[in-house]
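Undergrad: What follows is query_20.txt, made up of compact mmCIF, N, CA and C atoms:
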```
# COMPACT_ATOMS: atom_id res chain seq x y z
N MET A 1 115.28 134.94 30.10
CA MET A 1 115.23 134.03 31.23
C MET A 1 115.97 132.75 30.87
N ASN A 2 116.65 132.16 31.86
CA ASN A 2 117.32 130.89 31.65
C ASN A 2 116.28 129.80 31.47
N CYS A 3 116.57 128.85 30.61
CA CYS A 3 115.61 127.77 30.38
C CYS A 3 115.51 126.91 31.64
N PRO A 4 114.29 126.59 32.06
CA PRO A 4 114.10 125.74 33.24
C PRO A 4 114.78 124.37 33.13
N CYS A 5 115.05 123.90 31.91
CA CYS A 5 115.61 122.55 31.74
C CYS A 5 117.08 122.45 32.08
N CYS A 6 117.70 123.56 32.49
CA CYS A 6 119.10 123.58 32.92
C CYS A 6 120.09 123.30 31.80
N SER A 7 119.73 123.66 30.58
CA SER A 7 120.63 123.46 29.44
C SER A 7 121.74 124.51 29.41
N GLY A 8 121.54 125.61 30.13
CA GLY A 8 122.49 126.71 30.07
C GLY A 8 122.13 127.73 29.00
N LYS A 9 121.08 127.46 28.25
CA LYS A 9 120.61 128.36 27.20
C LYS A 9 119.44 129.19 27.72
N SER A 10 119.10 130.22 26.98
CA SER A 10 117.91 130.98 27.31
C SER A 10 116.68 130.15 26.93
N TYR A 11 115.57 130.42 27.59
CA TYR A 11 114.33 129.72 27.27
C TYR A 11 113.96 129.93 25.81
N GLU A 12 114.14 131.15 25.30
CA GLU A 12 113.80 131.47 23.92
C GLU A 12 114.61 130.66 22.92
N ASP A 13 115.86 130.30 23.29
CA ASP A 13 116.73 129.54 22.39
C ASP A 13 116.74 128.04 22.70
N CYS A 14 115.90 127.62 23.63
CA CYS A 14 115.91 126.22 24.02
C CYS A 14 114.52 125.60 23.89
N CYS A 15 113.73 125.63 24.94
CA CYS A 15 112.45 124.91 24.96
C CYS A 15 111.26 125.70 24.42
N GLN A 16 111.34 127.02 24.42
CA GLN A 16 110.19 127.81 23.98
C GLN A 16 109.72 127.47 22.56
N PRO A 17 110.63 127.30 21.59
CA PRO A 17 110.14 126.94 20.24
C PRO A 17 109.37 125.63 20.20
N PHE A 18 109.71 124.69 21.10
CA PHE A 18 108.95 123.44 21.18
C PHE A 18 107.58 123.70 21.79
N HIS A 19 107.55 124.49 22.84
CA HIS A 19 106.28 124.78 23.52
C HIS A 19 105.34 125.57 22.62
N LEU A 20 105.90 126.39 21.74
CA LEU A 20 105.09 127.16 20.80
C LEU A 20 104.79 126.38 19.52
N ARG A 21 105.27 125.14 19.45
CA ARG A 21 105.08 124.26 18.29
C ARG A 21 105.71 124.83 17.02
N GLU A 22 106.77 125.63 17.18
CA GLU A 22 107.50 126.16 16.03
C GLU A 22 108.46 125.12 15.46
N LYS A 23 108.89 124.20 16.34
CA LYS A 23 109.70 123.06 15.90
C LYS A 23 109.54 121.95 16.92
N PHE A 24 110.07 120.77 16.59
CA PHE A 24 109.94 119.60 17.45
C PHE A 24 111.31 119.14 17.92
N PRO A 25 111.39 118.61 19.14
CA PRO A 25 112.67 118.09 19.64
C PRO A 25 113.21 117.00 18.71
N GLN A 26 114.52 117.03 18.50
CA GLN A 26 115.15 116.09 17.58
C GLN A 26 115.73 114.87 18.27
N THR A 27 115.75 114.88 19.61
CA THR A 27 116.26 113.73 20.36
C THR A 27 115.33 113.46 21.55
N ALA A 28 115.46 112.26 22.09
CA ALA A 28 114.69 111.93 23.29
C ALA A 28 115.08 112.85 24.44
N GLU A 29 116.38 113.15 24.56
CA GLU A 29 116.82 114.05 25.63
C GLU A 29 116.22 115.44 25.48
N SER A 30 116.19 115.98 24.28
CA SER A 30 115.62 117.33 24.12
C SER A 30 114.12 117.32 24.41
N LEU A 31 113.44 116.21 24.09
CA LEU A 31 112.02 116.12 24.46
C LEU A 31 111.89 116.05 25.98
N MET A 32 112.75 115.25 26.63
CA MET A 32 112.73 115.15 28.09
C MET A 32 112.92 116.54 28.72
N ARG A 33 113.90 117.28 28.23
CA ARG A 33 114.16 118.63 28.75
C ARG A 33 112.96 119.55 28.54
N SER A 34 112.35 119.48 27.38
CA SER A 34 111.20 120.35 27.10
C SER A 34 110.01 119.98 27.97
N ARG A 35 109.87 118.71 28.31
CA ARG A 35 108.80 118.28 29.20
C ARG A 35 109.05 118.76 30.63
N PHE A 36 110.30 118.71 31.09
CA PHE A 36 110.61 119.26 32.41
C PHE A 36 110.25 120.74 32.44
N SER A 37 110.63 121.48 31.41
CA SER A 37 110.29 122.90 31.34
C SER A 37 108.78 123.10 31.34
N ALA A 38 108.06 122.19 30.70
CA ALA A 38 106.59 122.29 30.66
C ALA A 38 105.99 122.05 32.05
N PHE A 39 106.63 121.26 32.89
CA PHE A 39 106.18 121.14 34.28
C PHE A 39 106.51 122.41 35.04
N ALA A 40 107.69 122.97 34.80
CA ALA A 40 108.14 124.14 35.55
C ALA A 40 107.34 125.39 35.24
N LEU A 41 106.81 125.51 34.04
CA LEU A 41 106.17 126.78 33.65
C LEU A 41 104.72 126.98 34.12
N PRO A 42 103.83 126.18 34.22
CA PRO A 42 103.58 124.87 33.63
C PRO A 42 102.79 124.95 32.32
N ASN A 43 102.81 123.82 31.59
CA ASN A 43 102.15 123.75 30.29
C ASN A 43 101.60 122.33 30.10
N GLY A 44 100.47 122.05 30.73
CA GLY A 44 99.87 120.73 30.68
C GLY A 44 99.50 120.28 29.28
N ALA A 45 99.11 121.22 28.43
CA ALA A 45 98.74 120.88 27.05
C ALA A 45 99.94 120.28 26.32
N TYR A 46 101.12 120.89 26.49
CA TYR A 46 102.33 120.38 25.84
C TYR A 46 102.66 118.99 26.36
N LEU A 47 102.51 118.78 27.66
CA LEU A 47 102.79 117.47 28.24
C LEU A 47 101.90 116.39 27.62
N MET A 48 100.64 116.70 27.42
CA MET A 48 99.73 115.74 26.78
C MET A 48 100.10 115.52 25.31
N GLU A 49 100.38 116.59 24.61
CA GLU A 49 100.70 116.49 23.17
C GLU A 49 101.97 115.70 22.91
N THR A 50 102.89 115.68 23.87
CA THR A 50 104.16 114.98 23.68
C THR A 50 104.15 113.58 24.30
N THR A 51 102.99 113.16 24.77
CA THR A 51 102.81 111.78 25.22
C THR A 51 102.34 110.97 24.02
N LEU A 52 102.87 109.77 23.86
CA LEU A 52 102.48 108.90 22.75
C LEU A 52 100.96 108.81 22.71
N PRO A 53 100.34 109.05 21.54
CA PRO A 53 98.87 109.09 21.46
C PRO A 53 98.16 107.91 22.12
N GLU A 54 98.66 106.70 21.93
CA GLU A 54 97.97 105.55 22.54
C GLU A 54 98.17 105.46 24.05
N LYS A 55 99.04 106.28 24.62
CA LYS A 55 99.27 106.30 26.06
C LYS A 55 98.54 107.47 26.75
N ARG A 56 97.98 108.38 25.98
CA ARG A 56 97.34 109.57 26.56
C ARG A 56 96.16 109.23 27.46
N LYS A 57 95.50 108.11 27.20
CA LYS A 57 94.34 107.73 28.02
C LYS A 57 94.73 107.45 29.47
N PHE A 58 96.03 107.25 29.73
CA PHE A 58 96.50 107.00 31.08
C PHE A 58 96.89 108.29 31.82
N HIS A 59 96.73 109.42 31.16
CA HIS A 59 97.13 110.71 31.72
C HIS A 59 95.95 111.68 31.66
N ASP A 60 96.01 112.71 32.47
CA ASP A 60 94.98 113.74 32.49
C ASP A 60 95.66 115.11 32.40
N GLN A 61 95.29 115.88 31.40
CA GLN A 61 95.93 117.18 31.17
C GLN A 61 95.80 118.11 32.38
N ASP A 62 94.63 118.13 32.99
CA ASP A 62 94.43 119.00 34.15
C ASP A 62 95.31 118.57 35.32
N GLU A 63 95.46 117.27 35.52
CA GLU A 63 96.32 116.78 36.60
C GLU A 63 97.78 117.14 36.34
N LEU A 64 98.21 117.01 35.09
CA LEU A 64 99.58 117.40 34.74
C LEU A 64 99.80 118.89 34.99
N GLN A 65 98.83 119.69 34.57
CA GLN A 65 98.90 121.13 34.78
C GLN A 65 98.95 121.45 36.28
N ASN A 66 98.09 120.82 37.05
CA ASN A 66 98.04 121.06 38.49
C ASN A 66 99.31 120.62 39.19
N TRP A 67 99.89 119.49 38.76
CA TRP A 67 101.14 119.03 39.38
C TRP A 67 102.25 120.03 39.11
N GLY A 68 102.28 120.57 37.90
CA GLY A 68 103.26 121.60 37.58
C GLY A 68 103.06 122.85 38.43
N GLU A 69 101.82 123.27 38.58
CA GLU A 69 101.51 124.48 39.33
C GLU A 69 101.74 124.33 40.83
N SER A 70 101.47 123.16 41.38
CA SER A 70 101.53 122.99 42.83
C SER A 70 102.94 122.75 43.36
N ASN A 71 103.90 122.55 42.49
CA ASN A 71 105.28 122.32 42.88
C ASN A 71 106.18 123.42 42.35
N SER A 72 107.29 123.62 43.02
CA SER A 72 108.29 124.59 42.57
C SER A 72 109.48 123.80 42.02
N TRP A 73 109.63 123.86 40.71
CA TRP A 73 110.62 123.03 40.01
C TRP A 73 111.97 123.73 40.04
N LYS A 74 112.99 123.04 40.58
CA LYS A 74 114.30 123.63 40.83
C LYS A 74 115.31 123.38 39.73
N ARG A 75 115.50 122.09 39.41
CA ARG A 75 116.49 121.78 38.37
C ARG A 75 116.31 120.37 37.85
N LEU A 76 116.91 120.16 36.68
CA LEU A 76 116.89 118.86 36.02
C LEU A 76 118.32 118.37 35.89
N GLU A 77 118.54 117.13 36.23
CA GLU A 77 119.85 116.50 36.08
C GLU A 77 119.70 115.26 35.21
N ILE A 78 120.36 115.28 34.06
CA ILE A 78 120.37 114.09 33.19
C ILE A 78 121.45 113.16 33.73
N ILE A 79 121.07 111.95 34.11
CA ILE A 79 122.01 110.99 34.68
C ILE A 79 122.73 110.22 33.58
N LYS A 80 121.94 109.62 32.68
CA LYS A 80 122.54 108.90 31.55
C LYS A 80 121.48 108.65 30.49
N LYS A 81 121.96 108.30 29.31
CA LYS A 81 121.10 107.94 28.19
C LYS A 81 121.53 106.55 27.73
N PRO A 82 120.95 105.50 28.33
CA PRO A 82 121.39 104.14 28.02
C PRO A 82 121.09 103.68 26.59
N ALA A 83 120.19 104.36 25.93
CA ALA A 83 119.85 104.06 24.53
C ALA A 83 119.28 105.34 23.92
N GLU A 84 119.17 105.35 22.59
CA GLU A 84 118.66 106.54 21.89
C GLU A 84 117.28 106.95 22.39
N ASN A 85 116.48 105.97 22.82
CA ASN A 85 115.10 106.24 23.22
C ASN A 85 114.88 106.19 24.74
N MET A 86 115.97 106.30 25.51
CA MET A 86 115.86 106.24 26.97
C MET A 86 116.67 107.36 27.61
N VAL A 87 116.10 107.96 28.67
CA VAL A 87 116.79 108.99 29.42
C VAL A 87 116.54 108.76 30.90
N GLN A 88 117.63 108.65 31.66
CA GLN A 88 117.51 108.58 33.11
C GLN A 88 117.80 109.97 33.65
N PHE A 89 116.93 110.45 34.54
CA PHE A 89 117.07 111.82 35.04
C PHE A 89 116.60 111.92 36.48
N LYS A 90 116.99 113.04 37.09
CA LYS A 90 116.47 113.43 38.40
C LYS A 90 115.90 114.84 38.25
N ALA A 91 114.65 115.00 38.66
CA ALA A 91 114.00 116.31 38.67
C ALA A 91 113.87 116.73 40.13
N TYR A 92 114.46 117.86 40.46
CA TYR A 92 114.44 118.38 41.82
C TYR A 92 113.35 119.43 41.92
N TYR A 93 112.53 119.30 42.96
CA TYR A 93 111.44 120.26 43.15
C TYR A 93 111.06 120.34 44.61
N THR A 94 110.33 121.38 44.95
CA THR A 94 109.75 121.53 46.28
C THR A 94 108.26 121.35 46.14
N ASP A 95 107.69 120.45 46.93
CA ASP A 95 106.26 120.16 46.80
C ASP A 95 105.42 121.25 47.46
N GLU A 96 104.11 121.10 47.35
CA GLU A 96 103.18 122.12 47.85
C GLU A 96 103.25 122.32 49.36
N ASN A 97 103.88 121.36 50.08
CA ASN A 97 104.06 121.48 51.53
C ASN A 97 105.42 122.05 51.90
N GLY A 98 106.19 122.45 50.88
CA GLY A 98 107.51 123.03 51.13
C GLY A 98 108.61 122.01 51.36
N VAL A 99 108.34 120.75 51.02
CA VAL A 99 109.30 119.67 51.23
C VAL A 99 110.09 119.42 49.93
N ALA A 100 111.41 119.42 50.05
CA ALA A 100 112.27 119.14 48.89
C ALA A 100 112.08 117.69 48.45
N GLN A 101 111.93 117.50 47.14
CA GLN A 101 111.69 116.18 46.56
C GLN A 101 112.63 115.95 45.39
N ILE A 102 112.89 114.68 45.10
CA ILE A 102 113.64 114.29 43.90
C ILE A 102 112.83 113.22 43.19
N HIS A 103 112.49 113.50 41.94
CA HIS A 103 111.80 112.52 41.09
C HIS A 103 112.87 111.89 40.20
N HIS A 104 113.20 110.62 40.46
CA HIS A 104 114.24 109.90 39.73
C HIS A 104 113.57 108.89 38.82
N GLU A 105 113.78 109.01 37.53
CA GLU A 105 113.05 108.18 36.57
C GLU A 105 113.93 107.77 35.40
N LEU A 106 113.63 106.60 34.88
CA LEU A 106 114.16 106.15 33.59
C LEU A 106 112.99 106.20 32.63
N SER A 107 113.04 107.14 31.70
CA SER A 107 111.94 107.36 30.76
C SER A 107 112.20 106.67 29.44
N LEU A 108 111.12 106.18 28.85
CA LEU A 108 111.16 105.55 27.54
C LEU A 108 110.43 106.46 26.55
N PHE A 109 111.03 106.67 25.39
CA PHE A 109 110.47 107.52 24.35
C PHE A 109 110.37 106.72 23.06
N LYS A 110 109.53 107.18 22.15
CA LYS A 110 109.37 106.52 20.86
C LYS A 110 109.29 107.59 19.77
N LYS A 111 109.99 107.33 18.67
CA LYS A 111 109.96 108.24 17.54
C LYS A 111 108.93 107.74 16.53
N VAL A 112 107.98 108.60 16.20
CA VAL A 112 106.92 108.28 15.24
C VAL A 112 106.88 109.40 14.20
N ASP A 113 107.06 109.05 12.94
CA ASP A 113 107.04 110.04 11.86
C ASP A 113 107.92 111.25 12.17
N LYS A 114 109.16 110.98 12.57
CA LYS A 114 110.18 112.00 12.83
C LYS A 114 109.91 112.85 14.07
N ARG A 115 108.95 112.42 14.92
CA ARG A 115 108.64 113.14 16.16
C ARG A 115 108.80 112.21 17.35
N TRP A 116 109.44 112.72 18.40
CA TRP A 116 109.61 111.97 19.63
C TRP A 116 108.40 112.15 20.54
N PHE A 117 108.04 111.06 21.24
CA PHE A 117 106.95 111.08 22.20
C PHE A 117 107.39 110.35 23.47
N TYR A 118 106.85 110.79 24.60
CA TYR A 118 107.04 110.12 25.88
C TYR A 118 106.13 108.89 25.90
N VAL A 119 106.69 107.74 26.29
CA VAL A 119 105.91 106.50 26.36
C VAL A 119 105.59 106.15 27.81
N SER A 120 106.62 106.02 28.62
CA SER A 120 106.43 105.63 30.01
C SER A 120 107.69 105.91 30.81
N GLY A 121 107.55 105.78 32.13
CA GLY A 121 108.70 105.99 32.99
C GLY A 121 108.72 104.98 34.12
N GLU A 122 109.92 104.56 34.47
CA GLU A 122 110.14 103.67 35.61
C GLU A 122 110.74 104.50 36.73
N PHE A 123 110.05 104.56 37.86
CA PHE A 123 110.55 105.32 39.00
C PHE A 123 111.71 104.56 39.63
N LEU A 124 112.77 105.28 39.94
CA LEU A 124 113.96 104.69 40.54
C LEU A 124 114.17 105.27 41.93
N ASP A 125 114.90 104.57 42.77
CA ASP A 125 115.20 104.96 44.16
C ASP A 125 114.00 104.82 45.02
```
Please render this file's structure as structure tokens.

TA:
Amino acid sequence: MNCPCCSGKSYEDCCQPFHLREKFPQTAESLMRSRFSAFALPNGAYLMETTLPEKRKFHDQDELQNWGESNSWKRLEIIKKPAENMVQFKAYYTDENGVAQIHHELSLFKKVDKRWFYVSGEFLD
């Protein structure tokens, strides 16, 4: 199967090793892509595990899982990477009411002990 993150690679050669915890993303962009795939599949546990530990209290694993399940994730578009720890993207999806949506965000990531984590996102548009 093609990887949901739109890398052009197979899921097995792209995000699956991250989701199975066989290896960790080496860049903020690869973490961003793996998180999009975790919404598309969905995998709420991975989304929580890749959120910066001190920020996890602001998120709920069940809500992340449900948001992934209730939407149909279409594609990911990386707009730009203004810094090593920032990724601007658009996530295209159809919501539970069948309405096409675009989630446009500038995400901030942090590297801790050679592992990248999601910190926060600024919604754009």

Undergrad: What does the distance from atom CA of A:Asp62 to atom C of A:Tyr46 come to in Å, to one decimal?

TA: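 Taking atom CA of A:Asp62 as the start and atom C of A:Tyr46 as the end point, the length is 11.3 Å.
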
Undergrad: Considering only helix (DSSP H, G or I) as DSSP defines it on the backbone, what residues of chain A qualify? List them as a PyMOL selection string.

TA: chain A and resi 11-13+16-19+28-40+44-49+53-58+61-70

Undergrad: Please build the interface table for stretch 20-79 of chain A against stretch 91-102 of chain A with a cut-off of 6 Å, listing for each qualifying residue the nearest atom pair and the distance in Å to one decimal; count only N, CA and C atoms, order rows by chain and increasing number, and write it as CSV.

TA:
```
residue,atom,partner,partner_atom,distance
A:Ser70,C,A:Glu96,N,4.5
A:Asn71,CA,A:Thr94,C,4.5
A:Ser72,C,A:Thr94,N,3.9
A:Trp73,CA,A:Tyr93,CA,4.3
A:Lys74,N,A:Tyr92,C,3.9
A:Arg75,C,A:Tyr92,N,4.1
A:Leu76,CA,A:Ala91,CA,4.7
A:Glu77,N,A:Ala91,N,5.1
```

Undergrad: Applying 8 Å and all atoms listed in the file, which residues near stretch 11-18 of chain A remain after dropping the ones on its own chain fewer than 5 positions away? List them as a list in words.

TA: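 Skipping anything fewer than 5 positions along the chain leaves Met1, Asn2, Cys3, Pro4, Cys5, Lys23, Phe24, Pro25, Ser30, Arg33, Ser34, Arg35, Ser37, Ala38 and Tyr46 of chain A.
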
Undergrad: May I have the protein, DNA and RNA residues with an atom at most 6.5 Å from (110.7, 105.4, 24.0), counting all atoms listed in the file in the file's coordinates, returned as a PyMOL selection string?

TA: chain A and resi 85-86+107-111+117-120

Undergrad: Generate the output file for the selected residues, N, CA and C atoms, as a short mmCIF file (atom, residue, chain, number, x, y, z; two decimals), keeping the file's coordinate frame.

TA:
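Saved as selection.cif:
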```
data_model
loop_
_atom_site.label_atom_id
_atom_site.label_comp_id
_atom_site.auth_asym_id
_atom_site.auth_seq_id
_atom_site.Cartn_x
_atom_site.Cartn_y
_atom_site.Cartn_z
N ASN A 85 116.48 105.97 22.82
CA ASN A 85 115.10 106.24 23.22
C ASN A 85 114.88 106.19 24.74
N MET A 86 115.97 106.30 25.51
CA MET A 86 115.86 106.24 26.97
C MET A 86 116.67 107.36 27.61
N SER A 107 113.04 107.14 31.70
CA SER A 107 111.94 107.36 30.76
C SER A 107 112.20 106.67 29.44
N LEU A 108 111.12 106.18 28.85
CA LEU A 108 111.16 105.55 27.54
C LEU A 108 110.43 106.46 26.55
N PHE A 109 111.03 106.67 25.39
CA PHE A 109 110.47 107.52 24.35
C PHE A 109 110.37 106.72 23.06
N LYS A 110 109.53 107.18 22.15
CA LYS A 110 109.37 106.52 20.86
C LYS A 110 109.29 107.59 19.77
N LYS A 111 109.99 107.33 18.67
CA LYS A 111 109.96 108.24 17.54
C LYS A 111 108.93 107.74 16.53
N PHE A 117 108.04 111.06 21.24
CA PHE A 117 106.95 111.08 22.20
C PHE A 117 107.39 110.35 23.47
N TYR A 118 106.85 110.79 24.60
CA TYR A 118 107.04 110.12 25.88
C TYR A 118 106.13 108.89 25.90
N VAL A 119 106.69 107.74 26.29
CA VAL A 119 105.91 106.50 26.36
C VAL A 119 105.59 106.15 27.81
N SER A 120 106.62 106.02 28.62
CA SER A 120 106.43 105.63 30.01
C SER A 120 107.69 105.91 30.81
#
```

Undergrad: Name the closest residue to A:Ala83 among the candidates A:Leu106, A:Arg115, A:Thr51, A:Trp67; distances are taken between atoms, counting only C-alpha atoms.

TA: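 That would be A:Leu106, the residue with the smallest distance to A:Ala83.
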
Undergrad: Rank nothing, just name the residue among A:Asp125, A:Glu29, A:Glu54, A:Glu49 nearest to A:Lys81, using only C-alpha atoms.

TA: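 Using only C-alpha atoms, the shortest distance to A:Lys81 belongs to A:Glu29.
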
Undergrad: Just to confirm, what's the straight-line distance from atom CA of A:Phe123 to atom N of A:Ile78 in Å (one decimal)?

TA: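 Distance reported for this atom pair: 14.8 Å.
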
Undergrad: Suppose you want the space between atom CA of A:Val87 and atom C of A:Phe36; what is it in Å?

TA: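 Between these atoms lies a distance of 13.8 Å.
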
Undergrad: Could you work out an axis-aligned box for stretch 67-73 of chain A, taking every atom the file lists and adding 8 Å on each side, and report centre and edge lengths in Å to one decimal, as AutoDock Vina command-line options?

TA:
```
--center_x 105.9 --center_y 121.8 --center_z 40.5 --size_x 28.1 --size_y 21.6 --size_z 21.8
```

Undergrad: Is there a way to complete stretch 54-72 of chain A with N, CA, C and O atoms and then write that out as a PDB file, keeping the file's coordinate frame?

TA:
```pdb
ATOM      1  N   GLU A  54      98.660 106.700  21.930  1.00  0.00           N
ATOM      2  CA  GLU A  54      97.970 105.550  22.540  1.00  0.00           C
ATOM      3  C   GLU A  54      98.170 105.460  24.050  1.00  0.00           C
ATOM      4  O   GLU A  54      97.502 104.671  24.717  1.00  0.00           O
ATOM      5  N   LYS A  55      99.040 106.280  24.620  1.00  0.00           N
ATOM      6  CA  LYS A  55      99.270 106.300  26.060  1.00  0.00           C
ATOM      7  C   LYS A  55      98.540 107.470  26.750  1.00  0.00           C
ATOM      8  O   LYS A  55      98.492 107.532  27.977  1.00  0.00           O
ATOM      9  N   ARG A  56      97.980 108.380  25.980  1.00  0.00           N
ATOM     10  CA  ARG A  56      97.340 109.570  26.560  1.00  0.00           C
ATOM     11  C   ARG A  56      96.160 109.230  27.460  1.00  0.00           C
ATOM     12  O   ARG A  56      95.883 109.956  28.404  1.00  0.00           O
ATOM     13  N   LYS A  57      95.500 108.110  27.200  1.00  0.00           N
ATOM     14  CA  LYS A  57      94.340 107.730  28.020  1.00  0.00           C
ATOM     15  C   LYS A  57      94.730 107.450  29.470  1.00  0.00           C
ATOM     16  O   LYS A  57      93.880 107.447  30.353  1.00  0.00           O
ATOM     17  N   PHE A  58      96.030 107.250  29.730  1.00  0.00           N
ATOM     18  CA  PHE A  58      96.500 107.000  31.080  1.00  0.00           C
ATOM     19  C   PHE A  58      96.890 108.290  31.820  1.00  0.00           C
ATOM     20  O   PHE A  58      97.347 108.241  32.954  1.00  0.00           O
ATOM     21  N   HIS A  59      96.730 109.420  31.160  1.00  0.00           N
ATOM     22  CA  HIS A  59      97.130 110.710  31.720  1.00  0.00           C
ATOM     23  C   HIS A  59      95.950 111.680  31.660  1.00  0.00           C
ATOM     24  O   HIS A  59      95.021 111.499  30.878  1.00  0.00           O
ATOM     25  N   ASP A  60      96.010 112.710  32.470  1.00  0.00           N
ATOM     26  CA  ASP A  60      94.980 113.740  32.490  1.00  0.00           C
ATOM     27  C   ASP A  60      95.660 115.110  32.400  1.00  0.00           C
ATOM     28  O   ASP A  60      96.510 115.427  33.241  1.00  0.00           O
ATOM     29  N   GLN A  61      95.290 115.880  31.400  1.00  0.00           N
ATOM     30  CA  GLN A  61      95.930 117.180  31.170  1.00  0.00           C
ATOM     31  C   GLN A  61      95.800 118.110  32.380  1.00  0.00           C
ATOM     32  O   GLN A  61      96.756 118.777  32.755  1.00  0.00           O
ATOM     33  N   ASP A  62      94.630 118.130  32.990  1.00  0.00           N
ATOM     34  CA  ASP A  62      94.430 119.000  34.150  1.00  0.00           C
ATOM     35  C   ASP A  62      95.310 118.570  35.320  1.00  0.00           C
ATOM     36  O   ASP A  62      95.864 119.418  36.037  1.00  0.00           O
ATOM     37  N   GLU A  63      95.460 117.270  35.520  1.00  0.00           N
ATOM     38  CA  GLU A  63      96.320 116.780  36.600  1.00  0.00           C
ATOM     39  C   GLU A  63      97.780 117.140  36.340  1.00  0.00           C
ATOM     40  O   GLU A  63      98.504 117.504  37.260  1.00  0.00           O
ATOM     41  N   LEU A  64      98.210 117.010  35.090  1.00  0.00           N
ATOM     42  CA  LEU A  64      99.580 117.400  34.740  1.00  0.00           C
ATOM     43  C   LEU A  64      99.800 118.890  34.990  1.00  0.00           C
ATOM     44  O   LEU A  64     100.821 119.292  35.548  1.00  0.00           O
ATOM     45  N   GLN A  65      98.830 119.690  34.570  1.00  0.00           N
ATOM     46  CA  GLN A  65      98.900 121.130  34.780  1.00  0.00           C
ATOM     47  C   GLN A  65      98.950 121.450  36.280  1.00  0.00           C
ATOM     48  O   GLN A  65      99.790 122.236  36.727  1.00  0.00           O
ATOM     49  N   ASN A  66      98.090 120.820  37.050  1.00  0.00           N
ATOM     50  CA  ASN A  66      98.040 121.060  38.490  1.00  0.00           C
ATOM     51  C   ASN A  66      99.310 120.620  39.190  1.00  0.00           C
ATOM     52  O   ASN A  66      99.776 121.290  40.112  1.00  0.00           O
ATOM     53  N   TRP A  67      99.890 119.490  38.760  1.00  0.00           N
ATOM     54  CA  TRP A  67     101.140 119.030  39.380  1.00  0.00           C
ATOM     55  C   TRP A  67     102.250 120.030  39.110  1.00  0.00           C
ATOM     56  O   TRP A  67     103.050 120.342  39.987  1.00  0.00           O
ATOM     57  N   GLY A  68     102.280 120.570  37.900  1.00  0.00           N
ATOM     58  CA  GLY A  68     103.260 121.600  37.580  1.00  0.00           C
ATOM     59  C   GLY A  68     103.060 122.850  38.430  1.00  0.00           C
ATOM     60  O   GLY A  68     104.017 123.414  38.959  1.00  0.00           O
ATOM     61  N   GLU A  69     101.820 123.270  38.580  1.00  0.00           N
ATOM     62  CA  GLU A  69     101.510 124.480  39.330  1.00  0.00           C
ATOM     63  C   GLU A  69     101.740 124.330  40.830  1.00  0.00           C
ATOM     64  O   GLU A  69     102.140 125.278  41.497  1.00  0.00           O
ATOM     65  N   SER A  70     101.470 123.160  41.380  1.00  0.00           N
ATOM     66  CA  SER A  70     101.530 122.990  42.830  1.00  0.00           C
ATOM     67  C   SER A  70     102.940 122.750  43.360  1.00  0.00           C
ATOM     68  O   SER A  70     103.156 122.752  44.569  1.00  0.00           O
ATOM     69  N   ASN A  71     103.900 122.550  42.490  1.00  0.00           N
ATOM     70  CA  ASN A  71     105.280 122.320  42.880  1.00  0.00           C
ATOM     71  C   ASN A  71     106.180 123.420  42.350  1.00  0.00           C
ATOM     72  O   ASN A  71     105.871 124.053  41.349  1.00  0.00           O
ATOM     73  N   SER A  72     107.290 123.620  43.020  1.00  0.00           N
ATOM     74  CA  SER A  72     108.290 124.590  42.570  1.00  0.00           C
ATOM     75  C   SER A  72     109.480 123.800  42.020  1.00  0.00           C
ATOM     76  O   SER A  72     110.205 123.145  42.773  1.00  0.00           O
TER      77      SER A  72
END
```
